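Colleague: What follows is upload39.csv, made up of CSV, C-alpha atoms:
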```
chain,number,residue,atom,x,y,z
B,147,MET,CA,165.2,188.6,174.6
B,148,ASP,CA,168.5,190.3,175.3
B,149,THR,CA,168.7,188.5,178.7
B,150,VAL,CA,168.2,185.1,177.0
B,151,ARG,CA,170.9,185.9,174.4
B,152,SER,CA,173.2,187.0,177.1
B,153,ASN,CA,172.7,183.8,179.1
B,154,ASN,CA,173.3,181.7,176.0
B,155,THR,CA,176.5,183.6,175.3
B,156,MET,CA,177.7,183.1,178.9
B,157,LYS,CA,176.9,179.4,178.7
B,158,LYS,CA,178.9,179.0,175.5
B,159,PHE,CA,181.8,180.9,176.9
B,160,ALA,CA,181.8,178.8,180.1
B,161,ARG,CA,181.7,175.6,178.1
B,162,PHE,CA,184.6,176.9,176.0
B,163,ILE,CA,186.7,177.7,179.1
B,164,LEU,CA,185.8,174.3,180.7
B,165,ASP,CA,186.8,172.4,177.5
B,166,GLY,CA,190.1,174.3,177.4
B,167,VAL,CA,190.9,173.5,181.1
B,168,ASN,CA,190.0,169.8,180.5
B,169,HIS,CA,192.3,169.7,177.5
B,170,LEU,CA,195.2,171.2,179.5
B,171,LEU,CA,194.7,168.9,182.6
B,172,TRP,CA,193.8,165.8,180.7
B,173,PRO,CA,195.2,166.1,177.1
B,174,ALA,CA,193.6,163.7,174.5
B,175,VAL,CA,195.6,160.6,173.9
B,176,CYS,CA,195.3,157.7,171.4
B,177,THR,CA,193.2,154.9,172.8
B,178,ASN,CA,195.4,152.4,171.2
B,179,CYS,CA,199.0,153.6,171.7
B,180,GLY,CA,198.7,156.3,174.2
B,181,LYS,CA,200.3,159.1,172.2
B,182,SER,CA,198.9,162.6,172.1
B,183,VAL,CA,196.2,163.2,169.5
B,184,CYS,CA,194.4,166.2,168.0
B,185,GLU,CA,190.7,166.4,168.8
B,186,SER,CA,189.9,166.0,165.1
B,187,ASP,CA,191.6,162.6,165.1
B,188,GLY,CA,189.0,161.1,167.4
B,189,GLU,CA,189.9,158.0,169.5
B,190,LEU,CA,193.1,157.1,167.6
B,191,CYS,CA,196.2,159.0,166.5
B,192,ARG,CA,196.7,159.4,162.7
B,193,ASN,CA,199.4,156.7,162.7
B,194,CYS,CA,197.1,154.1,164.4
B,195,TRP,CA,194.2,155.1,162.1
B,196,GLY,CA,196.4,154.6,159.1
B,197,LYS,CA,197.5,151.1,160.3
B,198,LEU,CA,193.9,150.2,161.1
B,199,LEU,CA,192.4,151.3,157.8
B,200,ALA,CA,195.0,149.2,155.9
B,201,PHE,CA,193.1,146.1,157.1
B,202,THR,CA,189.6,147.4,156.4
B,203,THR,CA,189.5,148.3,152.7
B,204,ALA,CA,189.8,144.9,150.8
B,205,ASP,CA,186.9,143.4,148.9
B,206,TYR,CA,185.5,140.3,150.5
B,207,CYS,CA,183.0,137.4,150.0
B,208,PRO,CA,179.5,138.3,151.2
B,209,ARG,CA,178.9,134.7,152.1
B,210,CYS,CA,182.0,133.8,154.2
B,211,GLY,CA,183.7,137.2,154.7
B,212,LYS,CA,187.2,136.2,153.3
B,213,ASP,CA,189.3,138.5,151.2
B,214,VAL,CA,188.4,138.0,147.5
B,215,SER,CA,188.1,140.0,144.4
B,216,LYS,CA,184.5,141.0,143.5
B,217,TYR,CA,185.1,139.5,140.1
B,218,ALA,CA,185.5,136.0,141.7
B,219,ILE,CA,182.1,136.1,143.3
B,220,LEU,CA,179.6,133.7,141.6
B,221,ASN,CA,176.0,133.4,142.8
B,222,GLY,CA,176.8,135.4,145.9
B,223,ALA,CA,179.8,133.2,147.0
B,224,CYS,CA,183.5,132.9,146.5
B,225,PRO,CA,185.1,129.7,145.1
B,226,ASP,CA,186.3,128.8,148.7
B,227,CYS,CA,182.8,128.6,150.2
B,228,GLN,CA,180.9,127.3,147.2
B,229,GLY,CA,179.0,124.1,148.3
B,230,LYS,CA,179.8,124.6,152.0
B,231,ASP,CA,177.1,124.2,154.6
B,232,ILE,CA,176.8,127.7,155.9
B,233,HIS,CA,173.8,128.4,158.0
B,234,PHE,CA,174.0,132.2,158.2
B,235,ASP,CA,172.8,133.9,155.0
B,236,LYS,CA,175.2,136.7,154.5
B,237,ILE,CA,178.1,138.4,156.4
B,238,ALA,CA,179.4,141.9,156.8
B,239,ARG,CA,182.8,142.7,158.4
B,240,GLY,CA,184.8,145.6,159.6
B,241,GLY,CA,188.1,144.3,158.2
B,242,SER,CA,190.6,141.5,157.9
B,243,TYR,CA,192.1,140.1,161.2
B,244,GLY,CA,195.7,141.3,161.2
B,245,GLY,CA,198.1,144.1,162.1
B,246,SER,CA,196.6,146.9,164.1
B,247,LEU,CA,193.0,145.6,163.9
B,248,GLN,CA,194.1,142.3,165.4
B,249,GLU,CA,196.0,144.1,168.2
B,250,ILE,CA,193.0,146.2,169.1
B,251,ILE,CA,190.6,143.3,169.2
B,252,LEU,CA,193.0,141.2,171.4
B,253,ALA,CA,193.4,144.1,173.8
B,254,PHE,CA,189.6,144.7,173.8
B,255,LYS,CA,189.1,141.0,174.8
B,256,LYS,CA,191.7,141.3,177.6
B,257,GLY,CA,190.1,144.2,179.4
B,258,ARG,CA,190.7,147.3,177.3
B,259,THR,CA,186.9,148.0,177.0
B,260,GLU,CA,187.6,151.6,176.1
B,261,LEU,CA,188.6,150.3,172.6
B,262,ASN,CA,184.9,149.5,172.1
B,263,ASP,CA,184.5,153.0,170.8
B,264,VAL,CA,186.9,152.3,167.9
B,265,LEU,CA,185.6,148.8,167.1
B,266,GLY,CA,182.0,150.0,167.5
B,267,LEU,CA,182.6,152.7,164.9
B,268,LEU,CA,184.2,150.1,162.6
B,269,ILE,CA,181.5,147.5,163.0
B,270,ASP,CA,178.7,150.0,162.7
B,271,SER,CA,180.2,151.3,159.4
B,272,ALA,CA,180.2,147.7,158.1
B,273,LEU,CA,176.5,147.3,159.1
B,274,GLN,CA,175.5,150.6,157.4
B,275,GLY,CA,177.2,149.4,154.2
B,276,SER,CA,175.8,145.9,154.3
B,277,SER,CA,173.2,144.6,151.9
B,278,PHE,CA,171.0,143.4,154.7
B,279,TYR,CA,170.9,146.6,156.9
B,280,GLY,CA,167.2,147.3,156.1
B,281,ARG,CA,166.1,143.7,156.7
B,282,ILE,CA,167.2,143.3,160.4
B,283,ASP,CA,164.6,142.8,163.2
B,284,LEU,CA,167.0,141.8,166.0
B,285,PHE,CA,170.7,142.0,166.9
B,286,ILE,CA,171.9,139.0,168.8
B,287,PRO,CA,175.5,139.0,170.3
B,288,VAL,CA,177.2,135.6,170.3
B,289,PRO,CA,176.9,134.6,173.9
B,290,LEU,CA,179.6,133.5,176.3
B,291,HIS,CA,179.1,130.7,178.8
B,292,TRP,CA,178.1,132.2,182.2
B,293,SER,CA,181.4,131.1,183.8
B,294,ARG,CA,183.6,132.7,181.1
B,295,ARG,CA,181.4,135.8,181.2
B,296,LEU,CA,181.9,136.0,185.0
B,297,ALA,CA,185.7,135.6,184.7
B,298,ARG,CA,186.0,138.2,182.0
B,299,GLY,CA,183.5,140.6,183.4
B,300,TYR,CA,181.8,141.3,180.1
B,301,ASN,CA,180.7,139.8,176.8
B,302,GLN,CA,182.7,141.7,174.1
B,303,SER,CA,180.1,140.8,171.5
B,304,LEU,CA,177.3,142.4,173.6
B,305,LEU,CA,179.4,145.6,174.0
B,306,LEU,CA,179.8,145.8,170.2
B,307,ALA,CA,176.1,145.2,169.6
B,308,LYS,CA,175.3,148.1,171.8
B,309,LYS,CA,177.3,150.4,169.5
B,310,LEU,CA,175.2,149.6,166.5
B,311,LYS,CA,172.8,152.2,165.1
B,312,HIS,CA,169.5,151.1,163.6
B,313,PRO,CA,166.1,152.7,163.3
B,314,SER,CA,164.2,149.7,164.6
B,315,ALA,CA,166.2,146.6,165.5
B,316,GLN,CA,166.8,145.9,169.2
B,317,THR,CA,169.5,143.9,170.9
B,318,CYS,CA,168.3,140.6,172.2
B,319,THR,CA,170.1,138.1,174.6
B,320,ASP,CA,167.6,135.2,174.3
B,321,LEU,CA,170.3,133.0,172.6
B,322,VAL,CA,172.5,131.4,175.3
B,323,ARG,CA,175.5,129.1,175.5
B,324,ILE,CA,174.5,126.1,177.6
B,325,ARG,CA,177.8,124.3,177.5
B,326,ARG,CA,181.3,125.6,178.4
B,327,THR,CA,183.5,125.0,175.4
B,328,ARG,CA,187.2,125.1,174.8
B,329,PRO,CA,188.5,128.5,173.5
B,330,GLN,CA,188.2,128.2,169.7
B,331,PRO,CA,191.8,129.6,169.1
B,332,SER,CA,193.2,126.6,170.9
B,333,LEU,CA,191.8,124.3,168.2
B,334,THR,CA,193.7,124.1,164.9
B,335,THR,CA,191.2,122.4,162.6
B,336,ALA,CA,187.8,123.4,161.2
B,337,SER,CA,186.4,120.1,162.1
B,338,GLY,CA,187.7,120.4,165.7
B,339,ARG,CA,186.2,123.8,166.1
B,340,ALA,CA,182.8,122.7,164.7
B,341,ALA,CA,182.7,119.7,167.1
B,342,ASN,CA,183.7,122.0,170.0
B,343,VAL,CA,180.6,124.2,169.6
B,344,ALA,CA,178.1,121.5,168.4
B,345,ASP,CA,174.9,121.7,170.5
B,346,ALA,CA,176.5,124.4,172.7
B,347,PHE,CA,173.7,126.9,172.2
B,348,ALA,CA,170.0,127.1,172.9
B,349,VAL,CA,167.2,129.7,173.0
B,350,ARG,CA,165.4,130.8,176.1
B,351,ARG,CA,161.8,129.7,176.7
B,352,GLY,CA,159.4,132.3,175.4
B,353,HIS,CA,161.8,133.7,172.8
B,354,GLY,CA,160.4,135.7,169.9
B,355,PHE,CA,162.5,134.4,167.0
B,356,LYS,CA,159.8,132.9,164.8
B,357,ASP,CA,159.8,134.5,161.3
B,358,ARG,CA,162.3,137.2,162.5
B,359,ARG,CA,165.4,138.3,160.6
B,360,ILE,CA,168.3,138.2,162.9
B,361,CYS,CA,171.9,139.7,162.8
B,362,LEU,CA,174.5,137.8,164.9
B,363,VAL,CA,177.2,140.1,166.3
B,364,ASP,CA,180.7,138.8,167.1
B,365,ASP,CA,184.3,140.2,167.3
B,366,VAL,CA,186.1,137.6,165.0
B,367,LYS,CA,185.1,135.0,162.5
B,368,THR,CA,187.8,132.4,161.7
B,369,THR,CA,186.3,129.1,160.4
B,370,GLY,CA,182.8,130.3,161.1
B,371,ALA,CA,182.0,127.4,163.4
B,372,THR,CA,180.6,129.4,166.2
B,373,LEU,CA,178.5,131.7,164.0
B,374,ASN,CA,177.3,128.6,162.0
B,375,GLU,CA,176.1,126.8,165.2
B,376,CYS,CA,174.4,130.0,166.4
B,377,ALA,CA,172.6,130.5,163.1
B,378,LYS,CA,171.6,126.8,163.0
B,379,THR,CA,170.1,127.1,166.5
B,380,LEU,CA,168.2,130.3,165.6
B,381,LYS,CA,166.8,128.8,162.4
B,382,GLN,CA,165.7,125.7,164.3
B,383,ALA,CA,163.9,128.2,166.6
B,384,GLY,CA,162.0,129.6,163.6
B,385,ALA,CA,164.2,132.5,162.4
B,386,ALA,CA,163.5,133.4,158.8
B,387,GLU,CA,167.0,134.7,158.0
B,388,VAL,CA,170.2,135.0,160.0
B,389,PHE,CA,173.0,137.4,159.0
B,390,ALA,CA,176.4,137.8,160.6
B,391,LEU,CA,178.3,141.0,161.5
B,392,VAL,CA,181.9,140.8,162.8
B,393,ALA,CA,184.7,143.3,163.5
B,394,ALA,CA,187.2,141.1,161.6
B,395,VAL,CA,187.5,137.9,159.6
B,396,ALA,CA,190.6,135.7,160.3
B,397,GLY,CA,191.8,132.5,158.7
B,398,GLN,CA,192.3,134.0,155.3
B,399,ASN,CA,194.7,131.2,154.2
B,400,SER,CA,192.7,128.3,155.6
```
Reformat the file's structure so that it appears as structure tokens.
Modeller:
Amino acid sequence: MDTVRSNNTMKKFARFILDGVNHLLWPAVCTNCGKSVCESDGELCRNCWGKLLAFTTADYCPRCGKDVSKYAILNGACPDCQGKDIHFDKIARGGSYGGSLQEIILAFKKGRTELNDVLGLLIDSALQGSSFYGRIDLFIPVPLHWSRRLARGYNQSLLLAKKLKHPSAQTCTDLVRIRRTRPQPSLTTASGRAANVADAFAVRRGHGFKDRRICLVDDVKTTGATLNECAKTLKQAGAAEVFALVAAVAGQNS
């Protein structure tokens, strides 16, 4: 027994020494700005955490995800999305697309994949607090066309989906983009964005979507055209419900 305790003590001491050496040789830095951080701060420095949290605390519509007072919600929707043809049933978001959150997402899409830890924490927190957390059977990342996926090297929505924690739901990639579309940010109107992604998605043969409750995962929702088309395709394939989970919602004034 004494030998076992002695070995455990030595292991803890060795780990302590190793951690100290690692900290001296490779001091922790903020994933976003590169400044030194305390271990208790996690991936970001306190300044970046403060800027990020400023865009994550507002009330929002559970139907479209836009900023809105909870007192303006009527029958589960805000005045702006009342009567609109929205194919996904509910949405949860990490924050509003602006400031530090916008900068982190843009950097993440341009190769800074280490920022997935920060965005993953944000989007998983949104999932845990959502009203549909316990009803999800599958997570489906919004797919990229194979040519864009090859050029970028990764699908940012899939990386985010892999950060989600759920007791039973698995990530599925049986929703695919069958047509290369123009980048949505290059289009300025909601109708143009909707036309751009119309019939751009399909499900793989042998998919298991019938009667399943699905959560789409994406980085940013602006007009919702992409999420809407994905949800429409999934419901045509037999999905019972389709929810949306995004890191941020843009287009607050549109």
Colleague: Measuring atom to atom with all atoms listed in the file, identify which of B:Ser242, B:Thr319, B:Asn374, B:Thr335 is nearest to Gly354 (chain B).
Modeller: B:Thr319
Colleague: Take CA of Asp235 (chain B) and CA of His353 (chain B) and report the distance between them in Å, one decimal.
Modeller: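 Result for CA of Asp235 (chain B) versus CA of His353 (chain B): 20.9 Å, one decimal.
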Colleague: I need the residue nearest Arg295 (chain B) from this list: B:Ala394, B:Ala346, B:Val322, B:Leu273. Use all atoms listed in the file for the distance.
Modeller: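 Checking each candidate against Arg295 (chain B), we get B:Val322 as the closest.
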Colleague: What's around Leu284 (chain B) at 12 Å? Count only C-alpha atoms, leave out sequence neighbours fewer than 2 positions away in its own chain, and write the answer as a count of residues only.
Modeller: 38
Colleague: Would you give me, as CSV, each residue of region 224-262 of chain B having an atom within 12 Å of an atom of region 191-196 of chain B, along with its shortest atom pair and that distance in Å to one decimal, using only C-alpha atoms and sorting by chain and residue number?
Modeller:
```
residue,atom,partner,partner_atom,distance
B:Gly245,CA,B:Cys194,CA,10.3
B:Ser246,CA,B:Cys194,CA,7.2
B:Leu247,CA,B:Cys194,CA,9.5
B:Glu249,CA,B:Cys194,CA,10.8
B:Ile250,CA,B:Cys194,CA,10.1
```
Colleague: So what do you get for CA of Arg323 (chain B) versus CA of His291 (chain B), distance-wise?
Modeller: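 Distance between the two atoms: 5.1 Å.
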Colleague: Between CA of Pro208 (chain B) and CA of Asp263 (chain B), measure the distance and give it in Å to one decimal.
Modeller: 25.0 Å
Colleague: Nearest to Ala200 (chain B): which of B:Ala223, B:Gly229, B:Ala238, B:Tyr243 is it, counting only C-alpha atoms?
Modeller: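 Of all the options, B:Tyr243 lies closest to Ala200 (chain B).
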Colleague: Choose the residue, out of B:Lys197, B:Arg339, B:Lys367, B:Lys255, that has the smallest atom-to-atom separation from Gly211 (chain B); count only C-alpha atoms.
Modeller: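 The answer is B:Lys367, which sits nearest to Gly211 (chain B).
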Colleague: Restricting the calculation to all atoms listed in the file, which member of B:Lys309, B:Ala204, B:Asp213, B:Thr379 is positioned closest to Leu261 (chain B)?
Modeller: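 Ranking B:Lys309, B:Ala204, B:Asp213, B:Thr379 by distance to Leu261 (chain B), first place goes to B:Lys309.
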Colleague: Give me the residues near Ile232 (chain B) as a CSV table (one decimal) with C-alpha atoms, in the coordinates of the input, where near means some atom within 10 Å (using all atoms listed in the file) and where sequence neighbours in that chain fewer than 2 positions away do not count.
Modeller:
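Saved the output as result-v5.csv:
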```
chain,number,residue,atom,x,y,z
B,209,ARG,CA,178.9,134.7,152.1
B,210,CYS,CA,182.0,133.8,154.2
B,227,CYS,CA,182.8,128.6,150.2
B,228,GLN,CA,180.9,127.3,147.2
B,229,GLY,CA,179.0,124.1,148.3
B,230,LYS,CA,179.8,124.6,152.0
B,234,PHE,CA,174.0,132.2,158.2
B,235,ASP,CA,172.8,133.9,155.0
B,236,LYS,CA,175.2,136.7,154.5
B,370,GLY,CA,182.8,130.3,161.1
B,371,ALA,CA,182.0,127.4,163.4
B,373,LEU,CA,178.5,131.7,164.0
B,374,ASN,CA,177.3,128.6,162.0
B,375,GLU,CA,176.1,126.8,165.2
B,377,ALA,CA,172.6,130.5,163.1
B,378,LYS,CA,171.6,126.8,163.0
```
Colleague: Have a look at B:Asn342, B:Thr259, B:Gln330, B:Ser271 and name the one nearest to Ser303 (chain B); count only C-alpha atoms.
Modeller: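 The shortest atom-to-atom distance to Ser303 (chain B) comes from B:Thr259.
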